[in-house]
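A.B. asks: Dropping in start-v1.txt, with compact mmCIF, C-alpha atoms.
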# COMPACT_ATOMS: atom_id res chain seq x y z
CA MET A 24 61.27 -104.80 12.96
CA TYR A 25 57.68 -103.61 13.35
CA ASP A 26 56.01 -106.99 13.99
CA ALA A 27 55.97 -106.72 17.78
CA ILE A 28 54.66 -103.15 17.98
CA LEU A 29 51.98 -103.79 15.33
CA ALA A 30 50.80 -106.96 17.08
CA HIS A 31 50.69 -105.02 20.35
CA ILE A 32 48.64 -102.17 18.83
CA GLY A 33 46.43 -104.67 16.96
CA GLN A 34 45.14 -105.92 20.31
CA PHE A 35 43.35 -102.59 20.78
CA ILE A 36 42.67 -100.95 17.38
CA ASP A 37 42.48 -102.08 13.72
CA LEU A 38 44.74 -100.25 11.30
CA GLU A 39 44.42 -100.01 7.50
CA PRO A 40 47.63 -100.75 5.55
CA ALA A 41 48.08 -97.03 4.76
CA GLU A 42 47.76 -96.20 8.47
CA VAL A 43 50.37 -98.83 9.30
CA ASP A 44 52.74 -97.26 6.76
CA TYR A 45 52.12 -93.79 8.11
CA PHE A 46 52.55 -94.86 11.73
CA THR A 47 55.77 -96.80 11.14
CA SER A 48 57.18 -93.84 9.14
CA LEU A 49 57.00 -91.81 12.37
CA LEU A 50 59.01 -94.31 14.42
CA ARG A 51 62.70 -94.07 15.18
CA TYR A 52 64.78 -97.16 15.84
CA LYS A 53 67.16 -96.91 18.80
CA MET A 54 69.70 -99.38 20.17
CA LEU A 55 70.99 -99.05 23.71
CA ARG A 56 73.93 -100.94 25.12
CA LYS A 57 73.69 -102.32 28.65
CA ARG A 58 74.18 -99.47 31.18
CA GLN A 59 73.47 -96.76 28.58
CA TYR A 60 70.95 -94.05 29.53
CA LEU A 61 67.73 -93.55 27.62
CA VAL A 62 66.86 -90.44 29.69
CA GLN A 63 68.76 -88.72 32.49
CA ALA A 64 66.99 -86.77 35.23
CA GLY A 65 67.11 -83.06 34.38
CA ASP A 66 66.94 -83.65 30.61
CA VAL A 67 63.61 -83.54 28.79
CA CYS A 68 62.24 -86.96 27.84
CA LYS A 69 61.67 -86.40 24.12
CA TYR A 70 60.38 -89.83 23.14
CA ASP A 71 57.84 -92.38 24.22
CA SER A 72 59.71 -95.67 23.73
CA PHE A 73 58.39 -99.14 22.96
CA VAL A 74 60.69 -102.02 23.98
CA VAL A 75 61.22 -104.44 21.06
CA LYS A 76 63.96 -106.34 22.90
CA GLY A 77 65.80 -105.99 26.19
CA CYS A 78 65.10 -104.62 29.64
CA LEU A 79 65.25 -101.12 31.10
CA ARG A 80 64.66 -99.62 34.49
CA THR A 81 63.37 -96.19 35.46
CA TYR A 82 64.67 -94.91 38.77
CA PHE A 83 64.61 -91.89 40.96
CA VAL A 84 67.38 -90.51 43.19
CA ASP A 85 66.08 -88.94 46.40
CA GLU A 86 67.60 -85.95 48.22
CA ARG A 87 69.62 -88.29 50.41
CA GLY A 88 71.14 -89.97 47.34
CA GLY A 89 69.04 -93.13 47.64
CA GLU A 90 68.03 -94.82 44.37
CA HIS A 91 64.45 -96.07 43.99
CA VAL A 92 63.35 -98.18 41.03
CA VAL A 93 60.02 -96.85 39.72
CA GLN A 94 59.47 -99.22 36.84
CA PHE A 95 60.99 -102.04 34.86
CA ALA A 96 60.21 -102.30 31.14
CA VAL A 97 60.69 -105.44 29.06
CA GLU A 98 59.47 -106.55 25.62
CA ASN A 99 56.11 -104.97 24.62
CA TRP A 100 56.20 -102.29 27.34
CA TRP A 101 56.40 -98.55 26.79
CA THR A 102 58.92 -96.60 28.85
CA GLY A 103 60.15 -93.08 29.52
CA ASP A 104 59.29 -90.27 31.94
CA LEU A 105 55.66 -89.67 30.96
CA TYR A 106 55.34 -86.40 32.87
CA SER A 107 58.41 -84.96 31.18
CA PHE A 108 57.35 -86.28 27.76
CA LEU A 109 53.87 -84.78 28.03
CA SER A 110 54.82 -81.45 29.61
CA GLY A 111 58.28 -80.79 28.15
CA SER A 112 59.60 -80.24 31.70
CA PRO A 113 62.89 -81.81 32.85
CA ALA A 114 62.61 -85.49 33.73
CA ALA A 115 62.54 -86.41 37.42
CA TYR A 116 63.57 -89.97 36.60
CA ASN A 117 66.51 -91.72 34.98
CA THR A 118 65.94 -94.59 32.57
CA ASP A 119 68.82 -96.86 31.62
CA ALA A 120 69.28 -100.24 29.96
CA LEU A 121 69.84 -103.32 32.15
CA GLU A 122 70.49 -105.39 29.00
CA ASP A 123 71.39 -104.49 25.40
CA SER A 124 68.03 -103.19 24.20
CA GLU A 125 66.19 -102.25 21.01
CA LEU A 126 63.49 -99.60 21.05
CA LEU A 127 61.01 -97.94 18.71
CA GLN A 128 60.48 -94.31 19.61
CA ILE A 129 58.03 -91.57 18.75
CA ASP A 130 58.39 -87.89 19.61
CA GLN A 131 55.62 -85.56 20.79
CA ALA A 132 55.27 -83.67 17.48
CA SER A 133 54.91 -86.92 15.54
CA LEU A 134 52.44 -88.23 18.07
CA ASP A 135 50.35 -85.04 17.74
CA GLN A 136 50.35 -85.50 13.94
CA LEU A 137 49.40 -89.14 14.41
CA TYR A 138 46.45 -88.21 16.65
CA GLU A 139 45.27 -85.73 13.98
CA ARG A 140 45.64 -88.04 10.99
CA VAL A 141 44.70 -91.35 12.66
CA PRO A 142 42.44 -90.49 15.63
CA LYS A 143 42.18 -94.18 16.50
CA PHE A 144 45.54 -93.73 18.21
CA GLU A 145 43.84 -91.52 20.79
CA ARG A 146 41.89 -94.63 21.66
CA PHE A 147 44.98 -96.82 21.73
CA PHE A 148 46.86 -94.53 24.08
CA ARG A 149 43.75 -93.94 26.19
CA ILE A 150 43.35 -97.68 26.78
CA LEU A 151 47.09 -98.17 27.34
CA THR A 152 47.19 -95.38 29.92
CA GLN A 153 44.07 -96.61 31.69
CA ARG A 154 45.75 -99.99 32.15
CA ALA A 155 48.93 -98.34 33.39
CA PHE A 156 46.89 -96.24 35.81
CA VAL A 157 45.10 -99.28 37.21
CA SER A 158 48.49 -100.97 37.75
CA ALA A 159 49.95 -97.91 39.43
CA GLU A 160 46.94 -97.70 41.75
CA LYS A 161 47.27 -101.38 42.64
CA ARG A 162 50.91 -100.77 43.45
CA VAL A 163 50.04 -97.93 45.84
CA ILE A 164 47.59 -100.23 47.60
CA ALA A 165 50.14 -103.04 47.75
CA THR A 166 52.76 -100.72 49.24
CA ILE A 167 50.50 -99.53 52.03
CA SER A 168 48.47 -102.65 52.76
CA GLN A 169 50.37 -105.85 51.93
CA THR A 170 53.06 -107.73 53.77
CA ALA A 171 56.55 -107.88 52.29
CA GLU A 172 56.04 -111.49 51.17
CA GLU A 173 52.73 -110.70 49.47
CA ARG A 174 54.36 -107.83 47.59
CA TYR A 175 57.26 -110.01 46.49
CA ASN A 176 54.91 -112.77 45.31
CA ASN A 177 52.78 -110.27 43.39
CA PHE A 178 55.90 -108.89 41.76
CA ILE A 179 56.93 -112.38 40.60
CA ARG A 180 53.43 -112.91 39.17
CA SER A 181 53.24 -109.50 37.47
CA TYR A 182 56.66 -109.69 35.86
CA PRO A 183 57.14 -113.37 35.00
CA GLY A 184 60.81 -114.28 34.50
CA LEU A 185 62.07 -110.83 35.45
CA ASP A 186 63.65 -112.04 38.69
CA GLN A 187 66.03 -114.12 36.53
CA ARG A 188 66.98 -111.12 34.34
CA VAL A 189 67.42 -108.35 36.90
CA PRO A 190 69.84 -108.10 39.87
CA GLN A 191 68.12 -108.77 43.20
CA HIS A 192 69.11 -105.39 44.68
CA LEU A 193 67.07 -103.65 41.96
CA ILE A 194 64.03 -105.79 42.72
CA ALA A 195 64.52 -104.89 46.40
CA SER A 196 64.60 -101.21 45.43
CA TYR A 197 61.42 -101.54 43.33
CA LEU A 198 59.66 -103.10 46.33
CA GLY A 199 61.02 -100.54 48.80
CA PHE A 200 63.12 -103.16 50.67
CA THR A 201 66.80 -103.19 51.55
CA PRO A 202 68.76 -105.85 49.60
CA GLU A 203 69.55 -107.63 52.90
CA PHE A 204 65.88 -107.80 53.83
CA LEU A 205 64.91 -109.28 50.45
CA SER A 206 67.71 -111.84 50.64
CA ARG A 207 66.68 -112.90 54.15
CA MET A 208 63.02 -113.12 53.14
CA ARG A 209 63.77 -115.24 50.06
CA LYS A 210 65.81 -117.67 52.20
CA GLN A 211 62.95 -118.00 54.72
CA MET A 212 60.47 -118.60 51.90
CA ALA A 213 62.74 -121.28 50.37
CA THR A 214 63.16 -122.99 53.75
CA ARG A 215 59.39 -123.13 54.27
CA LYS A 216 58.86 -124.63 50.81
CA SER A 217 61.45 -127.43 51.26
CA MET B 13 24.00 -78.23 36.44
CA TYR B 14 26.44 -78.88 33.60
CA ASP B 15 28.58 -75.73 33.96
CA ALA B 16 31.34 -77.36 36.01
CA ILE B 17 31.74 -80.48 33.86
CA LEU B 18 31.66 -78.48 30.62
CA ALA B 19 34.25 -76.00 31.91
CA HIS B 20 36.40 -78.94 33.01
CA ILE B 21 36.15 -80.65 29.60
CA GLY B 22 36.66 -77.33 27.81
CA GLN B 23 40.18 -77.16 29.24
CA PHE B 24 41.14 -80.08 26.99
CA ILE B 25 38.82 -80.23 23.95
CA ASP B 26 36.45 -77.85 22.11
CA LEU B 27 32.88 -79.02 21.72
CA GLU B 28 30.25 -77.82 19.22
CA PRO B 29 26.82 -76.98 20.72
CA ALA B 30 25.31 -80.18 19.24
CA GLU B 31 28.12 -82.21 20.83
CA VAL B 32 27.46 -80.56 24.19
CA ASP B 33 23.78 -81.49 23.90
CA TYR B 34 24.58 -85.05 22.96
CA PHE B 35 27.14 -85.44 25.75
CA THR B 36 24.91 -84.00 28.47
CA SER B 37 22.02 -86.22 27.29
CA LEU B 38 24.17 -89.23 28.25
CA LEU B 39 24.78 -88.01 31.82
CA ARG B 40 22.85 -89.14 34.87
CA TYR B 41 22.50 -86.91 37.91
CA LYS B 42 23.07 -88.60 41.26
CA MET B 43 22.84 -87.27 44.81
CA LEU B 44 24.52 -89.07 47.67
CA ARG B 45 23.95 -88.36 51.32
CA LYS B 46 26.92 -88.34 53.67
CA ARG B 47 27.97 -91.96 54.45
CA GLN B 48 26.07 -93.38 51.45
CA TYR B 49 27.97 -95.77 49.17
CA LEU B 50 28.61 -94.99 45.54
CA VAL B 51 30.17 -98.44 44.95
CA GLN B 52 30.70 -101.36 47.32
CA ALA B 53 33.53 -103.86 46.89
CA GLY B 54 32.19 -106.96 45.15
CA ASP B 55 29.65 -105.03 43.05
CA VAL B 56 30.48 -103.90 39.54
CA CYS B 57 31.26 -100.20 39.24
CA LYS B 58 28.82 -99.26 36.47
CA TYR B 59 29.51 -95.53 36.22
CA ASP B 60 32.41 -93.15 35.89
CA SER B 61 31.38 -90.27 38.18
CA PHE B 62 32.27 -86.58 38.03
CA VAL B 63 31.99 -84.71 41.33
CA VAL B 64 29.91 -81.53 40.94
CA LYS B 65 29.78 -80.91 44.68
CA GLY B 66 30.93 -82.75 47.78
CA CYS B 67 33.69 -85.12 48.77
CA LEU B 68 34.08 -88.90 48.43
CA ARG B 69 36.70 -91.41 49.41
CA THR B 70 37.68 -94.68 47.78
CA TYR B 71 39.04 -97.28 50.17
CA PHE B 72 40.19 -100.83 50.31
CA VAL B 73 39.75 -103.37 53.11
CA ASP B 74 42.70 -105.76 53.44
CA GLU B 75 42.53 -109.43 54.51
CA ARG B 76 43.20 -108.42 58.10
CA GLY B 77 40.23 -106.01 58.06
CA GLY B 78 42.37 -102.86 57.83
CA GLU B 79 40.93 -99.96 55.81
CA HIS B 80 43.21 -98.08 53.42
CA VAL B 81 42.12 -94.89 51.67
CA VAL B 82 43.14 -95.06 48.00
CA GLN B 83 41.78 -91.75 46.79
CA PHE B 84 39.79 -88.71 47.79
CA ALA B 85 37.61 -86.98 45.20
CA VAL B 86 36.30 -83.43 45.49
CA GLU B 87 34.75 -80.97 43.03
CA ASN B 88 35.96 -81.47 39.41
CA TRP B 89 37.45 -84.91 40.06
CA TRP B 90 36.29 -88.18 38.55
CA THR B 91 35.83 -91.15 40.85
CA GLY B 92 34.92 -94.84 40.88
CA ASP B 93 36.78 -98.13 40.61
CA LEU B 94 38.34 -97.71 37.18
CA TYR B 95 39.41 -101.34 36.85
CA SER B 96 35.89 -102.58 37.61
CA PHE B 97 34.31 -99.95 35.35
CA LEU B 98 36.55 -100.83 32.41
CA SER B 99 36.53 -104.61 32.81
CA GLY B 100 33.07 -105.26 34.27
CA SER B 101 34.70 -107.30 37.08
CA PRO B 102 33.65 -106.83 40.70
CA ALA B 103 35.10 -103.73 42.34
CA ALA B 104 38.01 -104.21 44.75
CA TYR B 105 37.34 -100.83 46.32
CA ASN B 106 34.50 -99.14 48.18
CA THR B 107 33.60 -95.53 47.43
CA ASP B 108 31.38 -93.59 49.82
CA ALA B 109 30.43 -89.98 50.44
CA LEU B 110 32.19 -88.03 53.21
CA GLU B 111 29.81 -85.10 52.64
CA ASP B 112 26.42 -84.77 50.91
CA SER B 113 27.51 -84.96 47.27
CA GLU B 114 26.23 -84.36 43.75
CA LEU B 115 27.59 -86.35 40.84
CA LEU B 116 27.22 -86.60 37.08
CA GLN B 117 27.62 -90.16 35.90
CA ILE B 118 28.15 -91.94 32.61
CA ASP B 119 27.90 -95.69 32.03
CA GLN B 120 30.19 -97.78 29.83
CA ALA B 121 27.67 -98.26 26.97
CA SER B 122 27.04 -94.50 26.79
CA LEU B 123 30.74 -93.80 26.90
CA ASP B 124 31.33 -96.24 24.03
CA GLN B 125 28.64 -94.45 22.00
CA LEU B 126 30.20 -91.12 22.88
CA TYR B 127 33.63 -92.29 21.67
CA GLU B 128 32.04 -93.40 18.38
CA ARG B 129 30.00 -90.25 17.78
CA VAL B 130 32.39 -87.66 19.25
CA PRO B 131 35.91 -89.16 18.98
CA LYS B 132 37.34 -86.03 20.64
CA PHE B 133 36.31 -87.64 23.90
CA GLU B 134 38.96 -90.31 23.32
CA ARG B 135 41.42 -87.43 23.53
CA PHE B 136 39.80 -85.99 26.64
CA PHE B 137 39.89 -89.27 28.54
CA ARG B 138 43.39 -90.05 27.24
CA ILE B 139 44.72 -86.76 28.65
CA LEU B 140 42.77 -87.15 31.88
CA THR B 141 44.11 -90.66 32.43
CA GLN B 142 47.68 -89.65 31.60
CA ARG B 143 47.49 -87.02 34.33
CA ALA B 144 46.02 -89.50 36.77
CA PHE B 145 48.78 -91.96 35.90
CA VAL B 146 51.51 -89.38 36.48
CA SER B 147 49.97 -88.60 39.90
CA ALA B 148 49.72 -92.27 40.82
CA GLU B 149 53.37 -92.79 39.85
CA LYS B 150 54.43 -89.80 41.96
CA ARG B 151 52.52 -91.27 44.88
CA VAL B 152 54.36 -94.60 44.54
CA ILE B 153 57.65 -92.72 44.63
CA ALA B 154 56.55 -90.65 47.59
CA THR B 155 55.53 -93.76 49.51
CA ILE B 156 58.87 -95.47 49.05
CA SER B 157 61.29 -92.54 49.12
CA GLN B 158 59.95 -89.62 51.18
CA THR B 159 59.85 -89.02 54.90
CA ALA B 160 56.50 -88.93 56.68
CA GLU B 161 56.63 -85.12 56.95
CA GLU B 162 57.43 -84.68 53.26
CA ARG B 163 54.49 -86.90 52.36
CA TYR B 164 52.16 -84.98 54.62
CA ASN B 165 53.29 -81.63 53.23
CA ASN B 166 52.86 -82.87 49.66
CA PHE B 167 49.38 -84.05 50.50
CA ILE B 168 48.44 -80.59 51.84
CA ARG B 169 49.81 -79.01 48.65
CA SER B 170 48.09 -81.48 46.31
CA TYR B 171 44.67 -81.28 47.97
CA PRO B 172 44.36 -77.68 49.18
CA GLY B 173 41.74 -77.30 51.91
CA LEU B 174 41.00 -81.03 52.14
CA ASP B 175 42.56 -81.36 55.59
CA GLN B 176 39.75 -79.08 56.83
CA ARG B 177 37.02 -81.20 55.19
CA VAL B 178 38.13 -84.74 55.98
CA PRO B 179 38.69 -86.46 59.36
CA GLN B 180 42.38 -86.78 60.24
CA HIS B 181 42.24 -90.57 60.60
CA LEU B 182 41.29 -90.83 56.91
CA ILE B 183 44.21 -88.63 55.91
CA ALA B 184 46.44 -90.88 58.04
CA SER B 185 45.04 -93.90 56.20
CA TYR B 186 45.67 -92.30 52.79
CA LEU B 187 49.27 -91.65 53.79
CA GLY B 188 49.75 -95.14 55.28
CA PHE B 189 50.20 -93.78 58.85
CA THR B 190 48.43 -94.69 62.08
CA PRO B 191 46.18 -91.86 63.35
CA GLU B 192 48.39 -91.58 66.47
CA PHE B 193 51.50 -91.14 64.36
CA LEU B 194 49.90 -88.39 62.24
CA SER B 195 48.63 -86.59 65.32
CA ARG B 196 52.09 -86.69 66.98
CA MET B 197 53.78 -85.52 63.80
CA ARG B 198 51.37 -82.58 63.34
CA LYS B 199 52.01 -81.49 66.95
CA GLN B 200 55.77 -81.62 66.40
CA MET B 201 55.44 -79.61 63.17
CA ALA B 202 53.25 -77.02 64.94
CA THR B 203 55.76 -76.72 67.81
CA ARG B 204 58.63 -76.10 65.40
CA LYS B 205 56.66 -73.39 63.57
CA SER B 206 55.72 -71.47 66.73
What do you get writing this file as structure tokens?
C.D. replies:
Amino acid sequence: MYDAILAHIGQFIDLEPAEVDYFTSLLRYKMLRKRQYLVQAGDVCKYDSFVVKGCLRTYFVDERGGEHVVQFAVENWWTGDLYSFLSGSPAAYNTDALEDSELLQIDQASLDQLYERVPKFERFFRILTQRAFVSAEKRVIATISQTAEERYNNFIRSYPGLDQRVPQHLIASYLGFTPEFLSRMRKQMATRKS
Amino acid sequence: MYDAILAHIGQFIDLEPAEVDYFTSLLRYKMLRKRQYLVQAGDVCKYDSFVVKGCLRTYFVDERGGEHVVQFAVENWWTGDLYSFLSGSPAAYNTDALEDSELLQIDQASLDQLYERVPKFERFFRILTQRAFVSAEKRVIATISQTAEERYNNFIRSYPGLDQRVPQHLIASYLGFTPEFLSRMRKQMATRKS
């Protein structure tokens, strides 16, 4: 059950066997059925969640009722509403499962203990967050400077295989397109290729 | 010279006097005149830079020659091309000074030594990056879900006073507007208020 998360962490820090035991003792296993919520907007996001298996989306509902996909998370990604998790404030985002999913979760109190007892985890989460920040910054740039086709192609490259797992209207939402626009664009791209 | 950076760090971690001395010994003082580059795209960003005084912008030039402001940095902000700094790859962004500016800089080798000798700094940079990530994620959401006026108002709230320090066409660029559109919108907002 812990193979994937330990391999993931092992890319960044080396853990002694006792540290592995301590870390895994803090984790909580969670199964979500397809369509089940992990976090609903307005609730506090109590766990940082690592995806062992499955696919989730985080989305935001604007004042006009429009849904906007903020993030997809598949195997080896962490998910949740980070602001809510860190601050204890109500989540602005919803996260639900697009497939039956298996997660490993850690709560804030356990994470604080982990930082105290195994400070290497500060390093792990620092590096992880720096990578996430760089991605988020690239996405801002893409949204304001790239053409629709460039953004779609970058999405396909950044999330290999995801376009086969996730409904097209959610990919459209992630990219800030209408579903009709994405469908039309994909047809044009296919025509040009053939 | 170190008051601002030490007060800033003191919000997140407590340092012993010897740790303060060690940390400040790793810093490099840098003055930039208005219009001078801190980093140019294509060069490696060798320093993470804390703004003691002044204002800088980070921007990106797209394939069609369009400039897009990614970030502004004023007093107590860190700036640079984080991806380039962390990876040693050439910077995708340019950073230059919008006002005469004073910086305190640290290079990657010094930062690695600092993490080894004072692991609390892992915590400091973890927290700092988590906050930056939350902001970047909010900006993605704003770009795809908010009206132009909402985005402008949020900008004014997030960067108090910056609209008085920075030319309007750069604020337009940061928000993904044309300068003409921002100017028209500000006039309409002013008319409604009066």
A.B. asks: What are the residues of chain A lining chain B at 10 Å or less? Count all atoms listed in the file, and put the answer as a count of residues only.
C.D. replies: 52
A.B. asks: Provide the CA of Gly22 in chain B to CA of Gln136 in chain A distance in Å, to one decimal place.
C.D. replies: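 Straight-line distance from CA of Gly22 in chain B to CA of Gln136 in chain A works out to 21.1 Å.
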A.B. asks: Have a look at CA of Pro113 in chain A and CA of Met54 in chain A and let me know their distance in Å, one decimal.
C.D. replies: 22.7 Å
A.B. asks: What is the distance between CA of Trp100 in chain A and CA of Met208 in chain A, in Å to one decimal?
C.D. replies: 28.8 Å
A.B. asks: List the spatial neighbours of Lys65 in chain B as number ranges by chain - criterion: any atom at most 6 Å away, all atoms listed in the file, same-chain residues fewer than 6 positions off excluded.
C.D. replies: B: 87, 113-114
A.B. asks: Could you name the residues that touch Tyr60 in chain A at 9 Å or less, counting only C-alpha atoms, but leaving out those on the same chain fewer than 4 positions away, as a list of chain:residue names?
C.D. replies: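 Once the nearby chain positions are removed, what remains is A:Leu55, A:Arg56, A:Asn117, A:Thr118, A:Asp119, A:Ala120.
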A.B. asks: Please determine the residues with any atom at most 10 Å from (69.8, -104.6, 38.2) (coordinates as given in the file, with all atoms listed in the file counting) and report them as a list in words.
C.D. replies: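 Residues lying no farther than 10 Å from the given point: Arg58, Cys78, Leu79, Arg80, Val92, Phe95, Ala120, Leu121, Glu122, Asp186, Arg188, Val189, Pro190, Gln191, His192, Leu193, Ile194, Ala195 and Ser196 of chain A.
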A.B. asks: Compute the distance from (56.8, -92.1, 25.2) to each atom, counting only C-alpha atoms, keep the residues with any atom at most 6 Å away, and return them as a PyMOL selection string; use the coordinates of the file.
C.D. replies: chain A and resi 70-72+103
A.B. asks: Within 8 Å of Ile17 in chain B, counting all atoms listed in the file, which residues qualify if same-chain residues fewer than 3 places away don't, as a ChimeraX atom specification?
C.D. replies: /B:14,20-21,62,64,88
